[in-house]
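See below for the structure under consideration.
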Amino acid sequence: MNSSTGGPVERALWFIESHFGRDITLDQISEVACVSRYHMSRMFAVSMGIPVMRYLRARRLSVAARALADGAPDILSVALDVGYGSHEAFTRAFREQFGLTPESVRTQGHLNNLRVTEAMKMEGNLLKGLAARFEKGRVLLISGIGSRYHCGSTVSIAAQWQGFVPHIGNIAGQIGGNAYGVMCNFDEDGNFDYICGVEVKDFSQVAPDWTRVRISAQNYAVFTHSDHISTIRSTWTTIWNRWLPDSGREVEDAPNFELYGENFDSVSGRGLVEIWLPLKRNDSASIGGIR
């Protein structure tokens with residue numbers, strides 16, 4: 001796909017804004033974006049900071065809230081206009097989103113106390129010239145500190161690393177000096193597990209309250225993040241929205257990880273960081289002779 005035709009997230013945003021009054025599904029959004037529902041869930045959350053279906057719901061209810069604040073006389077008509085089939089379903093979703101009933105918003109006549117979601121667009125901050133090398137990865141046993149996140153809560157990952165870094169070099173069975181930020185167990189709501197860890201020989205000596213993850217041998221596209229660690233989201237966004245669509249390859253439903261080399265300085269946030277993205281085997285058959 002040529003990037004001038006718009007990336008998957010851009011097409012998804014267009015489709016949502018053009019059709020949120022209909023009963024649209026993740027499958028339909030993914031089809032328009034020309035990616036699988038698995039890819040759509042991940043790339044939208046990484047790029048926009050909100051799961052795609054949560055964004056759809058927030059846009060529907062925000063448009064409805066504005067109509068009610070402007071004095072719409074019929075709440076059911078508003079509900080139908082934004083894709084809800086009944087007054088009850090609409091009221092329940094509206095209250096969950098805003099903490100107020102549709103009737104109360106219509107009565108107050110303003111949105112000052114509501115956090116509405118405006119139409120979003122892809123930021124024009126995709127990196128130029130991002131290239132990948134291709135590797136056949138081996139089995140990795142990673143142990144460390146894990147936590148569950150959604151795409152809007154990832155700012156807490158820095159604090160997670162702060163708690164883990166002092167353990168590096170003092171972990172029983174540790175192999176080498178690299179650290180790994182492993183992302184796995186993604187769901188369609190944009191939630192995922194993130195593990196700050198190191199490679200270990202086996203899990204027999206791992207503390208019982210630590211997280212363990214076995215990463216199977218995979219074929220990978222590997223990207224180097226050369227800027228400050230605080231900007232790594234731009235690299236991830238470029239991978240999902242430019243490199244991956246242009247490459248014509250598909251990502252395997254398997255853990256991906258950030259590799260922090262021994263020269264990475266956790267104080268300054270600079271040093272070697274690589275992003276390892278697992279590729280489906282049938283898509284990587286021609287990569288460097290990998291089979």
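Order determines the names: the first chain of the structure tokens is A, the second B, and so forth; residues in each chain are numbered 1 upward, and ligands are numbered 1 upward as they are shown.
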Write down as a short mmCIF file (atom, residue, chain, number, x, y, z; two decimals) with C-alpha atoms, in the first residue's frame the residues of range 136-253 of chain A whose backbone DSSP state falls under alpha helix (DSSP H).
data_model
loop_
_atom_site.label_atom_id
_atom_site.label_comp_id
_atom_site.auth_asym_id
_atom_site.auth_seq_id
_atom_site.Cartn_x
_atom_site.Cartn_y
_atom_site.Cartn_z
CA ILE A 157 5.71 2.08 32.67
CA ALA A 158 8.57 4.46 33.51
CA ALA A 159 7.84 4.00 37.22
CA GLN A 160 7.74 0.23 36.70
CA TRP A 161 11.27 0.36 35.24
CA GLN A 162 12.38 2.53 38.15
CA GLY A 163 11.40 -0.26 40.51
CA PHE A 164 13.05 -2.97 38.41
CA ILE A 232 9.82 5.67 21.63
CA ARG A 233 6.07 5.93 20.95
CA SER A 234 6.88 7.77 17.70
CA THR A 235 8.96 4.79 16.58
CA TRP A 236 6.18 2.36 17.47
CA THR A 237 3.61 4.54 15.66
CA THR A 238 5.78 4.65 12.53
CA LEU A 244 4.09 -2.46 8.37
CA PRO A 245 1.50 -1.41 5.74
CA ASP A 246 4.23 -0.60 3.21
CA SER A 247 6.01 -3.90 3.85
#
For range 10-13 of chain A: contacts at 9 Å, only C-alpha atoms, fewer than 2 positions along chain excluded, given as a PyMOL selection string: chain A and resi 5-8+15-18+29-30+32-34+40+44+52+119-122+241
Find the nearest atom pair between each residue of range 198-287 of chain A and range 144-149 of chain A for residues within 7 Å, count only C-alpha atoms, give distances in Å to one decimal, sort rows by chain and ascending number, and present the table as JSON lines.
{"residue": "A:Val198", "atom": "CA", "partner": "A:Gly144", "partner_atom": "CA", "distance": 6.5}
{"residue": "A:Trp210", "atom": "CA", "partner": "A:Gly144", "partner_atom": "CA", "distance": 5.5}
{"residue": "A:Thr211", "atom": "CA", "partner": "A:Gly144", "partner_atom": "CA", "distance": 5.4}
{"residue": "A:Arg212", "atom": "CA", "partner": "A:Gly144", "partner_atom": "CA", "distance": 6.8}
Write the residues of the preceding selection, restricted to N, CA, C and O atoms, as a compact mmCIF listing (two decimals), in the first residue's frame.
# COMPACT_ATOMS: atom_id res chain seq x y z
N VAL A 198 14.69 -9.60 32.60
CA VAL A 198 15.97 -10.02 32.03
C VAL A 198 15.82 -11.46 31.60
O VAL A 198 14.89 -12.18 32.01
N TRP A 210 7.40 -12.82 41.12
CA TRP A 210 7.84 -12.20 39.87
C TRP A 210 7.11 -12.84 38.69
O TRP A 210 6.65 -13.99 38.75
N THR A 211 7.02 -12.08 37.61
CA THR A 211 6.35 -12.54 36.40
C THR A 211 7.32 -13.33 35.53
O THR A 211 8.50 -13.00 35.43
N ARG A 212 6.81 -14.37 34.92
CA ARG A 212 7.60 -15.19 34.00
C ARG A 212 6.92 -15.20 32.64
O ARG A 212 5.70 -15.33 32.57
In range 25-209 of chain A, DSSP strand (DSSP E or B) residues written as a ChimeraX atom specification: /A:133-136,140-149,174,179-184,192-200
Can I get the selection written as a PDB file, in the first residue's frame, with N, CA and C atoms?
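Once everything was written out, this is selection-v5.pdb:
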ATOM      1  N   ARG A 133      15.924  -4.593  10.145  1.00  0.00           N
ATOM      2  CA  ARG A 133      16.701  -5.774   9.776  1.00  0.00           C
ATOM      3  C   ARG A 133      15.871  -6.982  10.212  1.00  0.00           C
ATOM      4  N   PHE A 134      16.196  -8.148   9.703  1.00  0.00           N
ATOM      5  CA  PHE A 134      15.380  -9.325   9.969  1.00  0.00           C
ATOM      6  C   PHE A 134      16.213 -10.390  10.668  1.00  0.00           C
ATOM      7  N   GLU A 135      15.648 -10.921  11.739  1.00  0.00           N
ATOM      8  CA  GLU A 135      16.356 -11.884  12.570  1.00  0.00           C
ATOM      9  C   GLU A 135      15.469 -13.098  12.839  1.00  0.00           C
ATOM     10  N   LYS A 136      16.108 -14.245  12.973  1.00  0.00           N
ATOM     11  CA  LYS A 136      15.410 -15.432  13.452  1.00  0.00           C
ATOM     12  C   LYS A 136      15.731 -15.547  14.935  1.00  0.00           C
ATOM     13  N   LEU A 140      13.346 -17.335  24.425  1.00  0.00           N
ATOM     14  CA  LEU A 140      13.792 -16.496  25.531  1.00  0.00           C
ATOM     15  C   LEU A 140      12.933 -16.781  26.754  1.00  0.00           C
ATOM     16  N   LEU A 141      13.575 -16.954  27.889  1.00  0.00           N
ATOM     17  CA  LEU A 141      12.879 -17.030  29.165  1.00  0.00           C
ATOM     18  C   LEU A 141      13.127 -15.720  29.892  1.00  0.00           C
ATOM     19  N   ILE A 142      12.073 -14.935  30.074  1.00  0.00           N
ATOM     20  CA  ILE A 142      12.188 -13.608  30.669  1.00  0.00           C
ATOM     21  C   ILE A 142      11.476 -13.605  32.019  1.00  0.00           C
ATOM     22  N   SER A 143      12.161 -13.050  33.008  1.00  0.00           N
ATOM     23  CA  SER A 143      11.566 -12.924  34.337  1.00  0.00           C
ATOM     24  C   SER A 143      11.765 -11.505  34.838  1.00  0.00           C
ATOM     25  N   GLY A 144      10.749 -10.989  35.517  1.00  0.00           N
ATOM     26  CA  GLY A 144      10.856  -9.636  36.042  1.00  0.00           C
ATOM     27  C   GLY A 144       9.569  -9.182  36.692  1.00  0.00           C
ATOM     28  N   ILE A 145       9.332  -7.897  36.628  1.00  0.00           N
ATOM     29  CA  ILE A 145       8.157  -7.284  37.245  1.00  0.00           C
ATOM     30  C   ILE A 145       7.138  -6.990  36.154  1.00  0.00           C
ATOM     31  N   GLY A 146       5.913  -7.478  36.322  1.00  0.00           N
ATOM     32  CA  GLY A 146       4.884  -7.288  35.314  1.00  0.00           C
ATOM     33  C   GLY A 146       3.698  -6.511  35.839  1.00  0.00           C
ATOM     34  N   SER A 147       2.985  -5.868  34.910  1.00  0.00           N
ATOM     35  CA  SER A 147       1.775  -5.140  35.268  1.00  0.00           C
ATOM     36  C   SER A 147       0.861  -5.094  34.051  1.00  0.00           C
ATOM     37  N   ARG A 148      -0.430  -4.905  34.301  1.00  0.00           N
ATOM     38  CA  ARG A 148      -1.432  -4.827  33.233  1.00  0.00           C
ATOM     39  C   ARG A 148      -1.723  -3.366  32.937  1.00  0.00           C
ATOM     40  N   TYR A 149      -1.764  -3.004  31.656  1.00  0.00           N
ATOM     41  CA  TYR A 149      -1.980  -1.623  31.249  1.00  0.00           C
ATOM     42  C   TYR A 149      -3.071  -1.547  30.191  1.00  0.00           C
ATOM     43  N   GLN A 174      20.434 -15.034  35.854  1.00  0.00           N
ATOM     44  CA  GLN A 174      20.384 -14.042  34.783  1.00  0.00           C
ATOM     45  C   GLN A 174      21.425 -14.351  33.709  1.00  0.00           C
ATOM     46  N   ALA A 179      18.303  -5.854  29.167  1.00  0.00           N
ATOM     47  CA  ALA A 179      16.986  -5.836  29.807  1.00  0.00           C
ATOM     48  C   ALA A 179      15.931  -5.850  28.711  1.00  0.00           C
ATOM     49  N   TYR A 180      14.738  -6.364  29.042  1.00  0.00           N
ATOM     50  CA  TYR A 180      13.679  -6.541  28.058  1.00  0.00           C
ATOM     51  C   TYR A 180      12.382  -5.922  28.574  1.00  0.00           C
ATOM     52  N   GLY A 181      11.722  -5.185  27.701  1.00  0.00           N
ATOM     53  CA  GLY A 181      10.377  -4.710  27.976  1.00  0.00           C
ATOM     54  C   GLY A 181       9.422  -5.491  27.092  1.00  0.00           C
ATOM     55  N   VAL A 182       8.759  -6.490  27.660  1.00  0.00           N
ATOM     56  CA  VAL A 182       7.954  -7.430  26.881  1.00  0.00           C
ATOM     57  C   VAL A 182       6.486  -7.024  26.946  1.00  0.00           C
ATOM     58  N   MET A 183       5.836  -6.951  25.790  1.00  0.00           N
ATOM     59  CA  MET A 183       4.413  -6.654  25.688  1.00  0.00           C
ATOM     60  C   MET A 183       3.693  -7.888  25.165  1.00  0.00           C
ATOM     61  N   CYS A 184       2.675  -8.342  25.894  1.00  0.00           N
ATOM     62  CA  CYS A 184       1.988  -9.566  25.497  1.00  0.00           C
ATOM     63  C   CYS A 184       0.560  -9.573  26.048  1.00  0.00           C
ATOM     64  N   PHE A 192      -2.968  -4.770  27.824  1.00  0.00           N
ATOM     65  CA  PHE A 192      -1.850  -5.683  27.594  1.00  0.00           C
ATOM     66  C   PHE A 192      -0.998  -5.781  28.854  1.00  0.00           C
ATOM     67  N   ASP A 193      -0.206  -6.856  28.914  1.00  0.00           N
ATOM     68  CA  ASP A 193       0.753  -7.035  29.993  1.00  0.00           C
ATOM     69  C   ASP A 193       2.104  -6.483  29.556  1.00  0.00           C
ATOM     70  N   TYR A 194       2.780  -5.783  30.464  1.00  0.00           N
ATOM     71  CA  TYR A 194       4.126  -5.280  30.194  1.00  0.00           C
ATOM     72  C   TYR A 194       5.038  -5.806  31.290  1.00  0.00           C
ATOM     73  N   ILE A 195       6.118  -6.478  30.879  1.00  0.00           N
ATOM     74  CA  ILE A 195       7.055  -7.058  31.830  1.00  0.00           C
ATOM     75  C   ILE A 195       8.411  -6.404  31.655  1.00  0.00           C
ATOM     76  N   CYS A 196       8.936  -5.801  32.717  1.00  0.00           N
ATOM     77  CA  CYS A 196      10.326  -5.359  32.761  1.00  0.00           C
ATOM     78  C   CYS A 196      11.131  -6.559  33.237  1.00  0.00           C
ATOM     79  N   GLY A 197      12.053  -7.077  32.444  1.00  0.00           N
ATOM     80  CA  GLY A 197      12.721  -8.293  32.854  1.00  0.00           C
ATOM     81  C   GLY A 197      14.095  -8.473  32.249  1.00  0.00           C
ATOM     82  N   VAL A 198      14.694  -9.596  32.598  1.00  0.00           N
ATOM     83  CA  VAL A 198      15.968 -10.017  32.030  1.00  0.00           C
ATOM     84  C   VAL A 198      15.818 -11.465  31.601  1.00  0.00           C
ATOM     85  N   GLU A 199      16.747 -11.915  30.768  1.00  0.00           N
ATOM     86  CA  GLU A 199      16.749 -13.319  30.376  1.00  0.00           C
ATOM     87  C   GLU A 199      17.337 -14.160  31.506  1.00  0.00           C
ATOM     88  N   VAL A 200      16.716 -15.305  31.771  1.00  0.00           N
ATOM     89  CA  VAL A 200      17.217 -16.225  32.793  1.00  0.00           C
ATOM     90  C   VAL A 200      17.385 -17.613  32.189  1.00  0.00           C
TER      91      VAL A 200
END
Atom pair CA of Gly271 in chain A / CA of Ser226 in chain A: separation (Å):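 Computing it gives 7.6 Å between the two atoms.
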Hey, what's within 6 Å of range 66-79 of chain A if we count only C-alpha atoms and toss same-chain stuff fewer than 6 positions away? As a PDB file with all heavy atoms, in the first residue's frame, please?
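And here's selection.pdb as it stands now:
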ATOM      1  N   HIS A  87     -33.670   3.570  24.224  1.00  0.00           N
ATOM      2  CA  HIS A  87     -33.450   4.613  25.219  1.00  0.00           C
ATOM      3  C   HIS A  87     -32.646   4.048  26.392  1.00  0.00           C
ATOM      4  O   HIS A  87     -31.732   4.695  26.915  1.00  0.00           O
ATOM      5  CB  HIS A  87     -34.808   5.147  25.695  1.00  0.00           C
ATOM      6  CG  HIS A  87     -34.719   6.354  26.567  1.00  0.00           C
ATOM      7  ND1 HIS A  87     -34.129   6.342  27.814  1.00  0.00           N
ATOM      8  CD2 HIS A  87     -35.173   7.629  26.377  1.00  0.00           C
ATOM      9  CE1 HIS A  87     -34.208   7.548  28.353  1.00  0.00           C
ATOM     10  NE2 HIS A  87     -34.835   8.346  27.498  1.00  0.00           N
ATOM     11  N   PHE A  90     -28.896   3.428  25.557  1.00  0.00           N
ATOM     12  CA  PHE A  90     -28.231   4.720  25.412  1.00  0.00           C
ATOM     13  C   PHE A  90     -28.004   5.369  26.773  1.00  0.00           C
ATOM     14  O   PHE A  90     -26.910   5.867  27.071  1.00  0.00           O
ATOM     15  CB  PHE A  90     -29.081   5.632  24.519  1.00  0.00           C
ATOM     16  CG  PHE A  90     -28.579   7.039  24.450  1.00  0.00           C
ATOM     17  CD1 PHE A  90     -27.361   7.333  23.850  1.00  0.00           C
ATOM     18  CD2 PHE A  90     -29.335   8.089  24.976  1.00  0.00           C
ATOM     19  CE1 PHE A  90     -26.905   8.645  23.777  1.00  0.00           C
ATOM     20  CE2 PHE A  90     -28.883   9.392  24.912  1.00  0.00           C
ATOM     21  CZ  PHE A  90     -27.669   9.666  24.314  1.00  0.00           C
ATOM     22  N   VAL A 105     -28.123  16.373  31.311  1.00  0.00           N
ATOM     23  CA  VAL A 105     -27.308  17.196  30.400  1.00  0.00           C
ATOM     24  C   VAL A 105     -28.210  18.109  29.576  1.00  0.00           C
ATOM     25  O   VAL A 105     -27.899  19.277  29.359  1.00  0.00           O
ATOM     26  CB  VAL A 105     -26.442  16.300  29.493  1.00  0.00           C
ATOM     27  CG1 VAL A 105     -25.761  17.129  28.406  1.00  0.00           C
ATOM     28  CG2 VAL A 105     -25.396  15.555  30.323  1.00  0.00           C
ATOM     29  N   ARG A 106     -29.341  17.596  29.138  1.00  0.00           N
ATOM     30  CA  ARG A 106     -30.275  18.446  28.401  1.00  0.00           C
ATOM     31  C   ARG A 106     -30.800  19.575  29.295  1.00  0.00           C
ATOM     32  O   ARG A 106     -30.921  20.722  28.853  1.00  0.00           O
ATOM     33  CB  ARG A 106     -31.446  17.617  27.869  1.00  0.00           C
ATOM     34  CG  ARG A 106     -32.419  18.421  27.008  1.00  0.00           C
ATOM     35  CD  ARG A 106     -33.475  17.542  26.384  1.00  0.00           C
ATOM     36  NE  ARG A 106     -34.279  16.854  27.396  1.00  0.00           N
ATOM     37  CZ  ARG A 106     -35.258  16.004  27.101  1.00  0.00           C
ATOM     38  NH1 ARG A 106     -35.536  15.717  25.837  1.00  0.00           N
ATOM     39  NH2 ARG A 106     -35.956  15.419  28.060  1.00  0.00           N
ATOM     40  N   GLY A 109     -27.955  22.252  29.890  1.00  0.00           N
ATOM     41  CA  GLY A 109     -27.740  23.050  28.688  1.00  0.00           C
ATOM     42  C   GLY A 109     -26.302  23.431  28.392  1.00  0.00           C
ATOM     43  O   GLY A 109     -26.039  24.376  27.638  1.00  0.00           O
ATOM     44  N   HIS A 110     -25.337  22.711  28.946  1.00  0.00           N
ATOM     45  CA  HIS A 110     -23.923  22.985  28.639  1.00  0.00           C
ATOM     46  C   HIS A 110     -23.109  21.716  28.853  1.00  0.00           C
ATOM     47  O   HIS A 110     -23.597  20.734  29.429  1.00  0.00           O
ATOM     48  CB  HIS A 110     -23.381  24.128  29.498  1.00  0.00           C
ATOM     49  CG  HIS A 110     -23.346  23.801  30.966  1.00  0.00           C
ATOM     50  ND1 HIS A 110     -22.364  23.027  31.545  1.00  0.00           N
ATOM     51  CD2 HIS A 110     -24.188  24.151  31.983  1.00  0.00           C
ATOM     52  CE1 HIS A 110     -22.582  22.913  32.834  1.00  0.00           C
ATOM     53  NE2 HIS A 110     -23.696  23.576  33.136  1.00  0.00           N
TER      54      HIS A 110
END
Residue neighbourhood Ile50 in chain A, 12 Å, only C-alpha atoms, exclusion window fewer than 4 positions, as a list of chain:residue names: A:Val9, A:Met40, A:Ser41, A:Arg42, A:Met43, A:Phe44, A:Ala45, A:Val46, A:Arg54, A:Tyr55, A:Leu56, A:Arg57, A:Ala58, A:Arg59, A:Thr117, A:Met120, A:Tyr149, A:His150, A:Cys151, A:Gly152, A:Ser153, A:Thr154, A:Glu188, A:Asp189, A:Gly190, A:Asn191
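Take the candidates A:Ser204, A:Asn178, A:Thr231, A:Ser86 and check each one against Leu272 in chain A using only C-alpha atoms; the shortest distance goes to A:Asn178.
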For CA of Asn219 in chain A and CA of His167 in chain A, the interatomic separation in Å (one decimal):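 Spanning CA of Asn219 in chain A to CA of His167 in chain A is a straight-line distance of 29.7 Å.
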All residues 12 Å or closer to Glu250 in chain A, only C-alpha atoms, same chain fewer than 3 positions away omitted, as a VMD selection string: chain A and resid 34 to 40 219 to 221 239 to 240 243 to 247 253 to 254 277 to 285
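Shell of Gly83 in chain A at 8 Å, with only C-alpha atoms counted and residues fewer than 4 places along the chain excluded, is Phe20, Gly21, Arg22, Asp23, Arg60 and Ala79 of chain A.
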